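Below: one structure, written as structure tokens.
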Amino acid sequence: MNLKEFCLQVRRDIVQEIGTFGVGHIGGSFSIVEILAVLYKNYMNFDPKNPKKESRDRLIVSKGHSGPAVYAVLANLGFFDKSWLLNLNKPGTNLPSHCDMNKTPGIDMTTGSLGQGFSCAVGIALGSKLKNDKAKIYTIIGDGESQEGQIWEATMFASHNKLDNLIAFLDYNGAQIDGKTNEVCSIEPVAEKWKAFGWHVIEVKNGNSCEEINDALKIAQNIKNKPCIIIAKTVKGYGVSFIEKAGVDNHSMNISKEQLELALEELKK
Ligand SMILES: Cc1ncc(C[n+]2csc(CCOP(=O)(O)OP(=O)(O)O)c2C)c(N)n1
Ligand SMILES: [Mg+2]
């Protein structure tokens, strides 16, 4: 399966997860599909049969409400049976709405309280470096999440410690829970902010292009003495037209059985 087909499959699975439960964070799950696909397919060192393997690369999805996207990827890679996806968010499930490392094989950190996952990623990167481990630590934060003060404390700490084993993504989809990010509280000039905090910054014009994400990651692997952030302009809800068109209303959406069928039809190869 090539990357494009993999992304289509992942989006079909996300919409199935959320459509089966009836409601969920579809917008911010869809916006990071290409980032997840390129990371897991082209870069990360992991073993689905041994999810806690020593020295594995880690992914901390700090915007933990995008759990449904991560679960769809992990299921397709064989971390657990695909039937689990139909239990998203149900009582007793292994796949809660937000990422939980104690419930789901392949989840490296429990996240959902915005800002905290990124601090954990920085701590894990420092620990890994102190152990002389070769692992790379990847993390994804949101643009709304970037309004959290905790993000900037960790940003400063990461460059102070020269964490060149840490690669972050900013899922810059321009929207948060209650509106457009630049109307709620603009994070601009965001590239300059990260540079001023001592990070290497790579900007990706189309964060829903696997090629552009791959090119950025290729450069990021070889940055020495500083952590690296890939600022990826994405589209919230990318991949299904009625979800994308819902705009700021696609943060958490009800998906009816009819809408599920409509979305699956559009996501056919
Ligand atoms: C500390 C904290 N405050 C508020 C929330 C509620 N909340 C969940 S998602 C979200 C919006 C996040 O926006 P963004 O980071 O842009 O992510 P996206 O919705 O684009 O995926 C908010 C406010 C939370 N999870 N944690
Ligand atoms: Mg956002």
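Chains: A, B, ... in order of the structure tokens. Residues: from 1 per chain. Ligands: from 1, in order shown.
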Considering only C-alpha atoms, return as a ChimeraX atom specification whatever protein or nucleic-acid residues lie within 10 Å of Met253 in chain A, sequence-local ones (same chain, fewer than 3 positions apart) excluded.
-> /A:18-19,22-27,243,246,249-250,256
Selected residues written out, all heavy atoms, as a PDB file, in the first residue's frame:
```pdb
ATOM      1  N   ILE A  18     -15.481   7.245  14.531  1.00  0.00           N
ATOM      2  CA  ILE A  18     -16.289   8.343  15.067  1.00  0.00           C
ATOM      3  C   ILE A  18     -17.759   8.180  14.670  1.00  0.00           C
ATOM      4  O   ILE A  18     -18.661   8.425  15.470  1.00  0.00           O
ATOM      5  CB  ILE A  18     -15.695   9.703  14.609  1.00  0.00           C
ATOM      6  CG1 ILE A  18     -14.322   9.880  15.286  1.00  0.00           C
ATOM      7  CG2 ILE A  18     -16.624  10.872  14.937  1.00  0.00           C
ATOM      8  CD1 ILE A  18     -13.544  11.117  14.889  1.00  0.00           C
ATOM      9  N   GLY A  19     -17.987   7.700  13.445  1.00  0.00           N
ATOM     10  CA  GLY A  19     -19.366   7.477  12.984  1.00  0.00           C
ATOM     11  C   GLY A  19     -20.052   6.362  13.776  1.00  0.00           C
ATOM     12  O   GLY A  19     -21.254   6.416  14.023  1.00  0.00           O
ATOM     13  N   GLY A  22     -20.733   8.015  17.033  1.00  0.00           N
ATOM     14  CA  GLY A  22     -21.737   9.052  16.764  1.00  0.00           C
ATOM     15  C   GLY A  22     -21.212  10.473  16.849  1.00  0.00           C
ATOM     16  O   GLY A  22     -21.794  11.383  16.275  1.00  0.00           O
ATOM     17  N   VAL A  23     -20.104  10.654  17.588  1.00  0.00           N
ATOM     18  CA  VAL A  23     -19.557  12.005  17.731  1.00  0.00           C
ATOM     19  C   VAL A  23     -18.069  11.893  18.058  1.00  0.00           C
ATOM     20  O   VAL A  23     -17.641  10.904  18.672  1.00  0.00           O
ATOM     21  CB  VAL A  23     -20.306  12.786  18.843  1.00  0.00           C
ATOM     22  CG1 VAL A  23     -20.186  12.126  20.207  1.00  0.00           C
ATOM     23  CG2 VAL A  23     -19.853  14.247  18.924  1.00  0.00           C
ATOM     24  N   GLY A  24     -17.292  12.899  17.638  1.00  0.00           N
ATOM     25  CA  GLY A  24     -15.867  12.862  17.986  1.00  0.00           C
ATOM     26  C   GLY A  24     -15.064  13.951  17.298  1.00  0.00           C
ATOM     27  O   GLY A  24     -15.588  14.720  16.473  1.00  0.00           O
ATOM     28  N   HIS A  25     -13.773  13.982  17.673  1.00  0.00           N
ATOM     29  CA  HIS A  25     -12.862  15.036  17.194  1.00  0.00           C
ATOM     30  C   HIS A  25     -12.348  14.694  15.796  1.00  0.00           C
ATOM     31  O   HIS A  25     -11.208  14.241  15.641  1.00  0.00           O
ATOM     32  CB  HIS A  25     -11.685  15.190  18.161  1.00  0.00           C
ATOM     33  CG  HIS A  25     -12.088  15.749  19.486  1.00  0.00           C
ATOM     34  ND1 HIS A  25     -12.151  14.980  20.627  1.00  0.00           N
ATOM     35  CD2 HIS A  25     -12.450  17.001  19.850  1.00  0.00           C
ATOM     36  CE1 HIS A  25     -12.538  15.745  21.641  1.00  0.00           C
ATOM     37  NE2 HIS A  25     -12.729  16.968  21.202  1.00  0.00           N
ATOM     38  N   ILE A  26     -13.177  14.958  14.807  1.00  0.00           N
ATOM     39  CA  ILE A  26     -12.809  14.548  13.455  1.00  0.00           C
ATOM     40  C   ILE A  26     -11.895  15.567  12.776  1.00  0.00           C
ATOM     41  O   ILE A  26     -10.961  15.187  12.057  1.00  0.00           O
ATOM     42  CB  ILE A  26     -14.080  14.249  12.612  1.00  0.00           C
ATOM     43  CG1 ILE A  26     -13.723  13.509  11.336  1.00  0.00           C
ATOM     44  CG2 ILE A  26     -14.878  15.510  12.309  1.00  0.00           C
ATOM     45  CD1 ILE A  26     -14.441  12.250  11.136  1.00  0.00           C
ATOM     46  N   GLY A  27     -12.123  16.866  13.023  1.00  0.00           N
ATOM     47  CA  GLY A  27     -11.359  17.908  12.317  1.00  0.00           C
ATOM     48  C   GLY A  27      -9.868  17.797  12.566  1.00  0.00           C
ATOM     49  O   GLY A  27      -9.064  17.704  11.631  1.00  0.00           O
ATOM     50  N   ILE A 243     -17.079  17.589   5.786  1.00  0.00           N
ATOM     51  CA  ILE A 243     -16.394  17.801   7.069  1.00  0.00           C
ATOM     52  C   ILE A 243     -15.481  19.028   6.959  1.00  0.00           C
ATOM     53  O   ILE A 243     -15.476  19.907   7.824  1.00  0.00           O
ATOM     54  CB  ILE A 243     -15.612  16.538   7.484  1.00  0.00           C
ATOM     55  CG1 ILE A 243     -16.586  15.370   7.686  1.00  0.00           C
ATOM     56  CG2 ILE A 243     -14.778  16.793   8.747  1.00  0.00           C
ATOM     57  CD1 ILE A 243     -15.948  14.016   7.898  1.00  0.00           C
ATOM     58  N   ALA A 246     -17.429  22.265   6.972  1.00  0.00           N
ATOM     59  CA  ALA A 246     -17.993  22.656   8.279  1.00  0.00           C
ATOM     60  C   ALA A 246     -17.074  23.647   8.988  1.00  0.00           C
ATOM     61  O   ALA A 246     -17.476  24.317   9.944  1.00  0.00           O
ATOM     62  CB  ALA A 246     -18.236  21.425   9.137  1.00  0.00           C
ATOM     63  N   ASP A 249     -16.679  24.476  12.769  1.00  0.00           N
ATOM     64  CA  ASP A 249     -17.637  23.591  13.453  1.00  0.00           C
ATOM     65  C   ASP A 249     -17.239  22.109  13.372  1.00  0.00           C
ATOM     66  O   ASP A 249     -17.973  21.242  13.866  1.00  0.00           O
ATOM     67  CB  ASP A 249     -19.045  23.771  12.863  1.00  0.00           C
ATOM     68  CG  ASP A 249     -19.588  25.160  13.171  1.00  0.00           C
ATOM     69  OD1 ASP A 249     -19.297  25.670  14.279  1.00  0.00           O
ATOM     70  OD2 ASP A 249     -20.272  25.736  12.306  1.00  0.00           O
ATOM     71  N   ASN A 250     -16.091  21.815  12.745  1.00  0.00           N
ATOM     72  CA  ASN A 250     -15.715  20.392  12.648  1.00  0.00           C
ATOM     73  C   ASN A 250     -14.796  19.948  13.783  1.00  0.00           C
ATOM     74  O   ASN A 250     -14.268  18.840  13.758  1.00  0.00           O
ATOM     75  CB  ASN A 250     -15.137  20.049  11.261  1.00  0.00           C
ATOM     76  CG  ASN A 250     -13.736  20.619  11.019  1.00  0.00           C
ATOM     77  OD1 ASN A 250     -13.011  20.961  11.950  1.00  0.00           O
ATOM     78  ND2 ASN A 250     -13.368  20.723   9.755  1.00  0.00           N
ATOM     79  N   SER A 256     -23.704  11.136  11.527  1.00  0.00           N
ATOM     80  CA  SER A 256     -24.843  10.205  11.443  1.00  0.00           C
ATOM     81  C   SER A 256     -24.455   9.014  10.566  1.00  0.00           C
ATOM     82  O   SER A 256     -23.432   9.045   9.874  1.00  0.00           O
ATOM     83  CB  SER A 256     -26.048  10.916  10.820  1.00  0.00           C
ATOM     84  OG  SER A 256     -25.751  11.225   9.473  1.00  0.00           O
TER      85      SER A 256
END
```
Mind checking which residues fall within 9 Å of Asn89 in chain A, counting only C-alpha atoms, ignoring those fewer than 4 positions away in the same chain, and posting them as a list in words?
-> Ile18, Phe21, Gly24, Thr93, Asn94, Leu95, Pro96, Ser97 and His98 of chain A
Using only C-alpha atoms, which of A:Leu170, A:Val61, A:Leu130, A:Ala263 sits nearest Ile230 in chain A?
-> A:Leu170
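When only C-alpha atoms are used to compute distances to Leu59 in chain A, the closest of the residues A:Lys269, A:Lys136, A:Lys4, A:Arg11 turns out to be A:Lys136.
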Enumerate, as JSON, numbers by chain, the complete set of residues in range 124-245 of chain A that a backbone-based DSSP assignment places in alpha helix (DSSP H).
-> {"A": [124, 125, 126, 127, 128, 129, 130, 149, 150, 151, 152, 153, 154, 155, 156, 157, 158, 159, 160, 181, 182, 183, 184, 185, 190, 191, 192, 193, 194, 195, 196, 210, 211, 212, 213, 214, 215, 216, 217, 218, 219, 220, 241, 242, 243, 244, 245]}
Would you output that residue set with C-alpha atoms, as a CSV table (one decimal), in the first residue's frame?
```
chain,number,residue,atom,x,y,z
A,124,ILE,CA,11.6,12.0,27.3
A,125,ALA,CA,14.0,13.5,24.8
A,126,LEU,CA,16.3,14.6,27.6
A,127,GLY,CA,16.2,11.2,29.3
A,128,SER,CA,16.9,9.5,26.0
A,129,LYS,CA,19.9,11.7,25.4
A,130,LEU,CA,21.3,11.1,28.9
A,149,GLY,CA,2.3,29.1,28.5
A,150,GLN,CA,3.6,25.6,29.3
A,151,ILE,CA,4.5,25.1,25.6
A,152,TRP,CA,7.0,28.0,25.8
A,153,GLU,CA,8.6,26.9,29.0
A,154,ALA,CA,9.3,23.6,27.5
A,155,THR,CA,10.5,25.2,24.2
A,156,MET,CA,13.1,27.2,26.1
A,157,PHE,CA,14.2,24.2,28.1
A,158,ALA,CA,14.6,22.0,25.0
A,159,SER,CA,16.9,24.3,23.2
A,160,HIS,CA,18.9,25.0,26.4
A,181,THR,CA,-6.9,30.8,15.9
A,182,ASN,CA,-6.0,34.2,14.5
A,183,GLU,CA,-9.3,35.5,15.8
A,184,VAL,CA,-9.2,33.9,19.3
A,185,CYS,CA,-5.6,34.7,20.0
A,190,VAL,CA,5.0,31.8,15.0
A,191,ALA,CA,8.2,30.8,13.0
A,192,GLU,CA,10.1,33.8,14.4
A,193,LYS,CA,9.0,32.9,18.0
A,194,TRP,CA,10.4,29.3,17.7
A,195,LYS,CA,13.6,30.7,16.1
A,196,ALA,CA,14.0,33.2,19.0
A,210,CYS,CA,3.1,13.4,2.1
A,211,GLU,CA,5.9,14.6,-0.2
A,212,GLU,CA,6.3,17.9,1.6
A,213,ILE,CA,6.1,16.3,5.1
A,214,ASN,CA,8.7,13.7,3.9
A,215,ASP,CA,11.1,16.4,2.6
A,216,ALA,CA,10.8,18.3,5.8
A,217,LEU,CA,11.5,15.3,7.9
A,218,LYS,CA,14.6,14.4,5.8
A,219,ILE,CA,16.1,17.7,6.7
A,220,ALA,CA,15.0,17.6,10.3
A,241,SER,CA,-15.8,17.7,1.7
A,242,PHE,CA,-18.7,18.1,4.1
A,243,ILE,CA,-16.4,17.8,7.1
A,244,GLU,CA,-13.9,20.2,5.6
A,245,LYS,CA,-16.7,22.7,4.7
```
Residues of chain A that have any atom at most 10 Å from an atom of ligand 1: could you tabulate them with the shortest-distance atom pair and the distance in Å to one decimal, using only C-alpha atoms and all ligand atoms, ordered by chain and increasing number, as a tab-separated table?
```
residue	atom	partner	partner_atom_place_in_ligand_line	distance
A:His25	CA	ligand 1	21 (O)	7.7
A:Ile26	CA	ligand 1	21 (O)	8.6
A:Gly27	CA	ligand 1	21 (O)	6.5
A:Gly28	CA	ligand 1	21 (O)	3.4
A:Ser29	CA	ligand 1	21 (O)	6.6
A:Phe30	CA	ligand 1	21 (O)	8.8
A:Ser31	CA	ligand 1	21 (O)	7.4
A:Ile32	CA	ligand 1	21 (O)	8.4
A:Ser62	CA	ligand 1	15 (O)	8.8
A:Lys63	CA	ligand 1	15 (O)	6.0
A:Gly64	CA	ligand 1	25 (N)	7.6
A:His65	CA	ligand 1	9 (S)	6.0
A:Ser66	CA	ligand 1	21 (O)	6.4
A:His98	CA	ligand 1	25 (N)	8.9
A:Thr111	CA	ligand 1	25 (N)	8.6
A:Gly112	CA	ligand 1	25 (N)	5.0
A:Ser113	CA	ligand 1	26 (N)	3.7
A:Leu114	CA	ligand 1	26 (N)	4.0
A:Gly115	CA	ligand 1	1 (C)	6.5
A:Gln116	CA	ligand 1	1 (C)	7.9
A:Ile140	CA	ligand 1	15 (O)	9.6
A:Ile141	CA	ligand 1	15 (O)	6.4
A:Gly142	CA	ligand 1	15 (O)	3.2
A:Asp143	CA	ligand 1	16 (O)	4.1
A:Gly144	CA	ligand 1	16 (O)	3.5
A:Glu145	CA	ligand 1	15 (O)	3.7
A:Ser146	CA	ligand 1	15 (O)	6.6
A:Gln147	CA	ligand 1	15 (O)	8.3
A:Glu148	CA	ligand 1	1 (C)	7.5
A:Gln150	CA	ligand 1	1 (C)	9.7
A:Leu170	CA	ligand 1	15 (O)	8.9
A:Asp171	CA	ligand 1	20 (O)	7.0
A:Tyr172	CA	ligand 1	16 (O)	7.1
A:Asn173	CA	ligand 1	20 (O)	5.7
A:Gly174	CA	ligand 1	16 (O)	6.7
A:Ala175	CA	ligand 1	16 (O)	5.2
A:Gln176	CA	ligand 1	13 (O)	3.6
A:Ile177	CA	ligand 1	11 (C)	4.1
A:Asp178	CA	ligand 1	11 (C)	7.4
A:Gly179	CA	ligand 1	13 (O)	9.1
A:Lys180	CA	ligand 1	16 (O)	8.6
A:Thr181	CA	ligand 1	16 (O)	7.0
A:Thr234	CA	ligand 1	20 (O)	9.3
A:Val235	CA	ligand 1	20 (O)	8.9
A:Lys236	CA	ligand 1	20 (O)	6.4
A:Gly237	CA	ligand 1	20 (O)	9.3
A:Val248	CA	ligand 1	19 (O)	8.9
A:Asn250	CA	ligand 1	19 (O)	8.7
A:His251	CA	ligand 1	19 (O)	5.6
A:Ser252	CA	ligand 1	19 (O)	8.4
```
